[in-house]
Each structure stands twice: as structure tokens, then as C-alpha cells.
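As C-alpha cells, the structure follows; a few thoughts come after it.
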Amino acid sequence: MCGIVGYTGHREAYPVIIKGLKRLEYRGYDSSGVALLNNGQLKVFRKKGKVAELEESVIGKDLQSHIGIGHTRWATHGEPSDRNAHPHQSQSGELAMIHNGIIENYTQIKQELLSKGYHFKSDTDTEVLLNFIEDIKKNNDCGLEEALRIALKRVVGAYCILLISNDDPDTIIAARKGSPLVIGIGKGEHFLASDASPIIEYTKEVVYVNDYEIAIVRPDELILKNLGNEKQTPFITKLDMELAAIEKGGYDHFMLKEIHEQPEAIFDCLRGRLLTQTGQIKMAGIENNLDAFINAPRIIIVACGTSWHAGLIAEYLIEELCRIPVEVEYASEFRYRNPVIHKGDVIIAISQSGETADTLVALESAKEKGAFIFGVVNAVGSSIARLSHAGAYTHSGPEIGVASTKAFTGQLAVLTMMALKIGYAKGAIKQPRYLQLMQDLEAVPEKVREILQDTSHIQRMAAKYKDATDFLFLGRGYNFPVALEGALKLKEISYIHAEGYPAAEMKHGPIALVDEKLPVVFVATKDSYYQKIVSNVQEIRARKGKVIAVATAGDMVIPGMSDDVMFVPDADEAIAPMLSVIPLQLLSYYTGLAKGLDVDKPRNLAKSVTVE
Ligand code: F6R
């Protein structure tokens with residue numbers, strides 16, 4: 001949520017910052033802004049809307065500068081508007097600051113500042129923190145760094161902030177707690193950003209700043225300190241990412257590109273881990289903690305959104321293949337209801353970004369209670385990855401489209417391997433099924449490629465149903481979470497109201513919605529529930545609902561009962577979700593497209609939800 005970029009060095013700062021903000025727009029696009037410093041003069045430009053609108057608004061302006069900070073916003077405090085856009089300037093005009101996060105006790109601090117005569121030009125918590133820092137600097141007659149340190153000790157909440165001051169012509173001061181910050185190290189230059197995508201073009205050497213650290217960044221110098229003013233040694237990491245991975249590569253949208261990347265992404269996830277020839281699954285994070293998993297009285301999966309849907313599928317997988325009880329929790333609820341965590345319980349956290357605040361905070365509190373945390377994360381070096389005791393990366397590559405697609409199938413691939421490895425080691429699954437599932441899993445990339453070969457029928461279906469006001473998605477067993485995922489995808493991309501339901505549960509209420517105008521999507525591949533779902537389709541047809549089915553290639557029954565069909569290759573039911581979700585991703589993409597919507601940046605959303 002909110003993307004931040006900073007630059008100090010020998011290049012012109014503005015182009016670096018604007019390009020970086022475009023790469024970070026997936027984190028929010030309600031407004032954007034830049035602050036540039038030139039010869040002690042601070043210039044701030046801000047604009048409601050996407051970064052392109054900011055760019056247009058500064059045409060003809062003097063943008064010369066070698067140091068600057070930029071922000072793309074996902075609104076929390078205050079509506080999206082020019083005046084609430086970042087960077088904010090302090091009352092004296094000497095400081096400019098950008099912020100990603102939420103200052104929870106800002107009203108109290110604001111009251112104190114108001115009583116001292118401060119005025120506020122925006123509704124944001126950021127402007128309050130900035131003036132608080134300025135006030136401390138004035139009253140304590142200290143430097144900006146010291147003032148920031150004092151201020152942060154009073155702050156409750158999450159932040160990544162970048163600060164520049166017109167009396168320090170080449171320094172950016174940054175601090176983080178709970179919101180990510182990466183610093184790229186160049187020759188005589190430094191880049192700061194919420195993730196590595198704005199940096200990768202210039203350098204592969206980065207430092208991930210930790211919580212409660214302050215960074216003092218100059219062209220030739222990077223100093224890291226903790227809040228106690230003690231120097232910390234920056235740990236330099238080499239980025240394993242190419243620029244092409246974060247560009248559209250000929251596709252109209254990142255979402256479409258990422259849907260089509262799934263065969264390679266799943267392959268990359270399995271590579272070196274799923275060794276079908278020898279019947280081995282190599283996952284160091286599991287191997288090193290096998291006893292913890294095998295003896296776990298319970299596994300608790302914590303995630304949000306699409307990752308939570310992957311967690312639901314993992315519940316089916318782990319209970320079936322490992323015979324370990326599993327609970328799947330919305331991170332936001334888990335955190336606040338004081339959950340019972342027993343000794344030996346294992347927590348699996350699933351997150352694409354590795355920065356989702358609800359998940360992060362839930363894990364922090366579970367860790368405090370002594371739980372063992374295993375992260376299934378896509379973003380390498382992210383906060384959740386670092387907080388986990390052990391984990392397995394999904395290796396799906398950068399996911400930029402706001403709607404999660406390839407990260408979901410990557411999560412399923414990892415979770416399936418985990419369940420197989422643990423289940424087999426525990427003796428809960430017999431060798432023939434273990435080997436069969438390994439082979440089925442290995443075949444997934446090719447089968448996904450098959451589904452993606454011709455998608456024109458899905459595009460036609462999207463045009464046919466785009467004006468529907470509601471959709472119902474139904475599935476049973478492993479396909480129930482896929483139905484939930486299909487509904488989530490459709491609502492976020494096309495703004496059509498959609499509900500996912502267990503197909504049998506539909507009779508207990510939602511069936512009242514069914515009439516000739518309601519499209520009902522059945523995820524009805526051949527599995528152990530097949531006969532039952534055939535009956536559920538009949539129940540919808542009897543009430544004149546429009547039936548759209550995801551069916552197994554070669555099936556004659558379901559297609560014969562459906563208005564429209566999307567076929568997927570046959571697979572074991574435990575593996576099928578990785579296939580049956582693909583047509584649903586495409587259906588939502590093409591529906592959004594048919595409605596003329598911005599599928600990569602749906603309204604009100606952000607890719608990385610770093611506020612609770
Ligand atoms: C939906 C979507 C969100 C995320 C959720 C969790 O398409 O992208 O529902 O899945 O915000 O995000 P991560 O996985 O980054 O923790």
C-alpha cells in the first residue's frame with residue numbers, strides 16, 4: 001500500500017523517481033507526487049490520480065535536481081485529492097516527507113500540535129508526523145536525524161518514511177517499521193524504494209532495511225542506525241531478478257502476461273524440488289523441520305484474500321495427505337481474537353507480497369506466543385519471509401497486476417509439495433499415490449499451457465455476460481476454494497457482484513437469487529463429488545439460471561447441461577485447482593476488458609496491503 005521512491009546521486013532525480021513510481025503503482029494509485037531539492041530549494045508537485053497525471057501536470061516546470069523523493073498513494077487518512085497527496089511539507093516549508101503506513105496515535109499528536117499553533121493543510125496522519133518531527137527539531141535544537149529518532153519513539157503504528165530537508169542538499173533520511181524499504185547501492189548514488197522493481201534497472205546490490213532502523217543516505221554513503229543511535233552493518237543482498245520480469249513483454253496488461261506466465265512459473269517452482277525420477281521432494285525448509293510438522297498437533301494457516309483461498313486448498317491437501325488437523329484463518333481475525341496456540345502448533349503463513357500487514361501482525365503475535373512459523377512467500381527478502389522461522393519461496397517471479405494469478409498457482413504448487421513430503425514422511429500416504437501425485441504435479445505446467453493455447457471462447461463468453469449484475473460461483477471439495485477465487489477475481493476486475501459458495505450449500509439460501517438473469521459458474525471437473533455436482537447443476541437449470549461450467553476435457557454430461565463450457569485437462573482432484581482456476585482468471589480478465597476497465601489497477605485496490 002503506497003509506493004515510495006527516493007534518489008540521491010549524479011543523475012537527474014525526477015526521471016528515476018517517475019519511472020520508479022510507475023513500477024510501484026500496483027501499490028496504490030489514488031494520487032502521486034514528488035519533492036525535488038535543488039540548491040537548497042525544495043519543490044513539491046502533487047496530483048490526484050495516476051502517475052501519468054502527475055507527469056502531465058509538471059510539463060514545462062523546472063525539475064532539475066539530483067535528489068528527490070516520490071510517492072504513489074493508496075488513501076487511508078483523507079480522500080484521494082491533490083492536498084492529501086504526498087510529499088507533504090512541514091509548516092516552515094523546510095522539510096518534505098513521504099510515508100507508507102498508518103500512524104495510529106496521530107489524533108493525539110495532532111491535538112498537541114494544534115495547541116502549539118500548527119496548522120494542517122491535509123487530512124493525513126503523515127503531515128502530523130512531519131510537523132511533530134519539525135517541532136521536536138526546533139524545541140530540542142537538534143538535527144533532523146535526532147528529531148526523527150525522538151518522534152519515532154512516540155509513534156504507534158506502521159511506517160516507512162523518507163525525509164529531505166532544504167538545509168541538507170544531498171541527504172535522504174529514511175526509517176521503517178512494518179512497511180518495506182529497500183536501498184539500492186550504485187556508484188556514487190543510492191536508490192530507495194518500497195520494493196526492488198524501481199531499482200533493478202540501475203543496480204542489483206540492495207540492502208533490505210529492518211524494522212526500527214534509520215538510514216542516512218547520501219550519494220557516497222549509507223549509514224544504518226537503530227533507534228538507540230547505534231550503527232548497524234548494512235547487509236548487502238544480490239537481487240536475483242531481471243528487468244524483463246517486471247515489464248509487460250508485449251502483453252496489453254500485466255494480468256494477462258502473468259496468467260500466461262503460469263506454465264513457466266509453476267515449472268520454476270517445481271524445478272529442483274520435485275524429483276519424480278527418484279521419488280524425492282527436496283525442500284530444505286521442510287527437511288530441516290520435519291519433526292515439527294510430523295508431530296504438529298495442528299497446523300494453522302494464516303493468510304488474506306487469494307492467498308487465503310490457497311490456504312483453504314492446502315487444508316484439504318494436508319488433512320487428506322498428512323492426516324494433521326488444519327485450521328485456515330483470515331489473518332485479520334486471527335490476530336485480534338486472541339487465538340489459542342498450543343505448544344507444537346505450526347503456523348503456515350501464505351503471502352505473495354510478504355508485506356501484507358494483517359498477516360505480518362498476526363505472525364508477530366503468534367511468534368511471541370512461541371509458535372513455529374513457516375512462510376510460503378513469493379517476494380524474496382520480504383518482511384514475512386524474514387519473520388518466518390523457515391519457509392519455501394514460490395518463485396513465481398514479480399507479480400505486478402493487482403489481481404493475484406500466477407502467485408496463486410505457485411502457492412498451490414508449493415503447498416502440494418509440502419503436503420506430499422510431510423504425508424509420505426509421516427507414513428500417512430502410501431507410495432503408489434505419492435508417486436502418482438508427484439507425476440500429476442509435474443504435468444501441471446504442460447496442462448496449463450494447453451488451457452492457454454486458445455482462449456478466444458472465454459473472451460466471447462465474457463462479452464456475452466459482461467452486463468450481468470451478479471454471478472454465483474459454485475464448487476465442491478477441492479473446487480470449492482476455486483469457486484471462491486473465481487468470484488473474488490471477477491468482482492475485483494469487473495466490479496460485478498459475485499459470490500462463491502460450496503455447491504451443496506447453495507440450497508440453504510443463495511438459491512433464492514437464481515433466475516434467468518443469473519450466470520452460475522460451476523467448477524465441475526471430474527472428481528469424487530462429480531455425481532453430486534451434476535445434481536446441483538440440475539437444481540440451477542430447473543430454476544432457469546444460466547450455467548457456465550469448468551469441465552474436464554472429454555466430459556459429455558456437464559457440457560450437455562451447460563450454456564457455456566471451459567474445458568481443462570483431466571487431473572487428480574488434489575491437483576485440479578491449479579488447472580480449474582485458469583479459465584476463471586481469464587473470464588475475469590476478459591470481462592473487465594469488455595467493460596473497458598483498468599484491469600491492472602482496479603479501483604480502490606492495491607497490490608500490497610500494508611495497512612491493517
Ligand atoms: C486478490 C488479491 C488479494 C491478495 C491479498 C493478500 O487478487 O491479490 O486478495 O491475495 O491482499 O496478499 P498477499 O498474498 O500479498 O499477502
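All residue names refer to the C-alpha cells as shown: chains lettered A, B, ... in order, residues numbered from 1 in each chain, ligands numbered from 1 in order.
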Review point. Do you know which residues are at most 10 Å from A:Thr359 counting only C-alpha atoms, after dropping those on the same chain fewer than 6 positions away, and could you put them as a list in words?
Key: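 Listing them by chain and then by number gives Val302, Ala303, Cys304, Glu329, Tyr330, Ala331, Ser332, Glu333, Phe334, Arg335, Ala349, Ile350, Ser351, Ile384, Val609, Thr610 and Glu612 of chain A.
Residues of stretch 222-269 of chain A that DSSP, applied to the backbone, places in strand (DSSP E): Leu222, Ile223, Leu224, Lys225, Asn226, Lys231, Gln232, Ile236, Thr237 and Lys238 of chain A.
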Could the residues in this selection be written to a file with N, CA, C and O atoms, as a PDB file, in the first residue's frame?
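Ended up saving to part.pdb:
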```pdb
ATOM      1  N   LEU A 222      26.014   5.213   2.955  1.00  0.00           N
ATOM      2  CA  LEU A 222      24.780   4.677   3.530  1.00  0.00           C
ATOM      3  C   LEU A 222      25.085   4.302   4.982  1.00  0.00           C
ATOM      4  O   LEU A 222      25.902   3.416   5.245  1.00  0.00           O
ATOM      5  N   ILE A 223      24.416   5.011   5.895  1.00  0.00           N
ATOM      6  CA  ILE A 223      24.609   4.693   7.318  1.00  0.00           C
ATOM      7  C   ILE A 223      23.295   4.144   7.849  1.00  0.00           C
ATOM      8  O   ILE A 223      22.236   4.747   7.648  1.00  0.00           O
ATOM      9  N   LEU A 224      23.390   3.003   8.521  1.00  0.00           N
ATOM     10  CA  LEU A 224      22.187   2.434   9.150  1.00  0.00           C
ATOM     11  C   LEU A 224      22.361   2.515  10.652  1.00  0.00           C
ATOM     12  O   LEU A 224      23.429   2.194  11.175  1.00  0.00           O
ATOM     13  N   LYS A 225      21.281   2.939  11.319  1.00  0.00           N
ATOM     14  CA  LYS A 225      21.359   3.001  12.788  1.00  0.00           C
ATOM     15  C   LYS A 225      20.075   2.448  13.369  1.00  0.00           C
ATOM     16  O   LYS A 225      19.034   2.478  12.694  1.00  0.00           O
ATOM     17  N   ASN A 226      20.124   1.992  14.611  1.00  0.00           N
ATOM     18  CA  ASN A 226      18.870   1.615  15.258  1.00  0.00           C
ATOM     19  C   ASN A 226      18.318   2.839  16.000  1.00  0.00           C
ATOM     20  O   ASN A 226      18.959   3.895  16.009  1.00  0.00           O
ATOM     21  N   LYS A 231      25.196   2.291  15.338  1.00  0.00           N
ATOM     22  CA  LYS A 231      25.369   1.936  13.920  1.00  0.00           C
ATOM     23  C   LYS A 231      25.128   0.441  13.705  1.00  0.00           C
ATOM     24  O   LYS A 231      25.516  -0.384  14.528  1.00  0.00           O
ATOM     25  N   GLN A 232      24.478   0.110  12.590  1.00  0.00           N
ATOM     26  CA  GLN A 232      24.218  -1.274  12.215  1.00  0.00           C
ATOM     27  C   GLN A 232      24.981  -1.548  10.920  1.00  0.00           C
ATOM     28  O   GLN A 232      25.103  -0.664  10.079  1.00  0.00           O
ATOM     29  N   ILE A 236      24.356  -6.536   2.528  1.00  0.00           N
ATOM     30  CA  ILE A 236      24.091  -6.352   1.085  1.00  0.00           C
ATOM     31  C   ILE A 236      23.667  -7.672   0.456  1.00  0.00           C
ATOM     32  O   ILE A 236      24.322  -8.693   0.619  1.00  0.00           O
ATOM     33  N   THR A 237      22.527  -7.614  -0.269  1.00  0.00           N
ATOM     34  CA  THR A 237      22.000  -8.808  -0.941  1.00  0.00           C
ATOM     35  C   THR A 237      22.049  -8.565  -2.441  1.00  0.00           C
ATOM     36  O   THR A 237      21.833  -7.438  -2.897  1.00  0.00           O
ATOM     37  N   LYS A 238      22.270  -9.622  -3.206  1.00  0.00           N
ATOM     38  CA  LYS A 238      22.253  -9.503  -4.664  1.00  0.00           C
ATOM     39  C   LYS A 238      20.869  -9.888  -5.182  1.00  0.00           C
ATOM     40  O   LYS A 238      20.359 -10.952  -4.844  1.00  0.00           O
TER      41      LYS A 238
END
```
Exercise for review: Write out as number ranges by chain each polymer residue (protein, DNA or RNA) that has an atom no more than 9 Å from ligand 1, with only C-alpha atoms and all ligand atoms counted.
Suggested key: A: 303-309, 349-360, 377-379, 384, 401-405, 407-408, 485, 488-489, 492-493, 605-609
Practice item. Do a neighbour search on A:Leu484 at 10 Å with only C-alpha atoms, toss out local chain neighbours closer than 2 positions, and write the hits as a VMD selection string. Key: chain A and resid 305 to 306 309 312 472 to 475 479 to 482 486 to 489 498 to 502
Point to revise | Distance query A:Val155 at most 9 Å, only C-alpha atoms, self and fewer than 4 positions along chain excluded, as a list in words | key: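 Final neighbour list, sorted by chain and number: Ile103, Glu104, Asn105, Tyr106, Ile109, Leu129 and Ala151 of chain A.
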Check your understanding: Could you pull the residues within 9 Å of A:Ala52, counting only C-alpha atoms, minus those fewer than 3 positions along the same chain, as a ChimeraX atom specification?
Key -> /A:18,22,49,55-57
Check your understanding: Which of these residues is nearest to A:Asn84, using only C-alpha atoms: A:Gly40, A:Gly311, A:Gly391, A:Gly33?
Key -> A:Gly33
Check your understanding: With only C-alpha atoms as the atoms that count, which of A:Tyr202, A:Lys367, A:Thr525, A:Ile266 lies nearest to A:Leu412?
Key ->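 Answer, going by the shortest atom-to-atom distance: A:Ile266.
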Point to revise | Residue neighbourhood stretch 204-213 of chain A, 7 Å, only C-alpha atoms, exclusion window fewer than 2 positions, as a list in words | key: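 In the requested form, the answer reads Ala175, Arg176, Lys177, Gly178, Leu181, Val182, Ile183, Gly184, Ile185, Ile200, Ala215, Leu224, Lys225, Asn226, Leu227, Pro234, Phe235, Ile236, Thr237, Lys238 and Leu239 of chain A.
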Point to revise | Within 6 Å of stretch 162-164 of chain A using only C-alpha atoms, minus same-chain residues under 4 positions, as a VMD selection string | key: chain A and resid 95 to 98 172 to 174
Expected file contents, prior selection, N, CA and C atoms, as a short mmCIF file (atom, residue, chain, number, x, y, z; two decimals), in the first residue's frame:
```
data_model
loop_
_atom_site.label_atom_id
_atom_site.label_comp_id
_atom_site.auth_asym_id
_atom_site.auth_seq_id
_atom_site.Cartn_x
_atom_site.Cartn_y
_atom_site.Cartn_z
N LEU A 95 11.03 21.02 5.36
CA LEU A 95 11.12 19.56 5.24
C LEU A 95 10.04 19.03 4.30
N ALA A 96 10.37 17.96 3.59
CA ALA A 96 9.34 17.26 2.81
C ALA A 96 9.42 15.79 3.16
N MET A 97 8.26 15.14 3.21
CA MET A 97 8.24 13.74 3.64
C MET A 97 7.19 12.93 2.90
N ILE A 98 7.53 11.65 2.65
CA ILE A 98 6.56 10.69 2.15
C ILE A 98 6.47 9.55 3.14
N ILE A 172 19.01 11.89 2.14
CA ILE A 172 17.65 11.40 2.41
C ILE A 172 17.72 10.63 3.71
N ILE A 173 16.81 10.95 4.62
CA ILE A 173 16.75 10.16 5.85
C ILE A 173 15.51 9.28 5.77
N ALA A 174 15.70 7.99 6.05
CA ALA A 174 14.60 7.05 5.92
C ALA A 174 14.46 6.26 7.21
#
```
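Minimum distance to A:Tyr424 across A:Ala549, A:Ile281, A:Leu192, A:Ile582 (counting only C-alpha atoms) occurs at A:Ile281.
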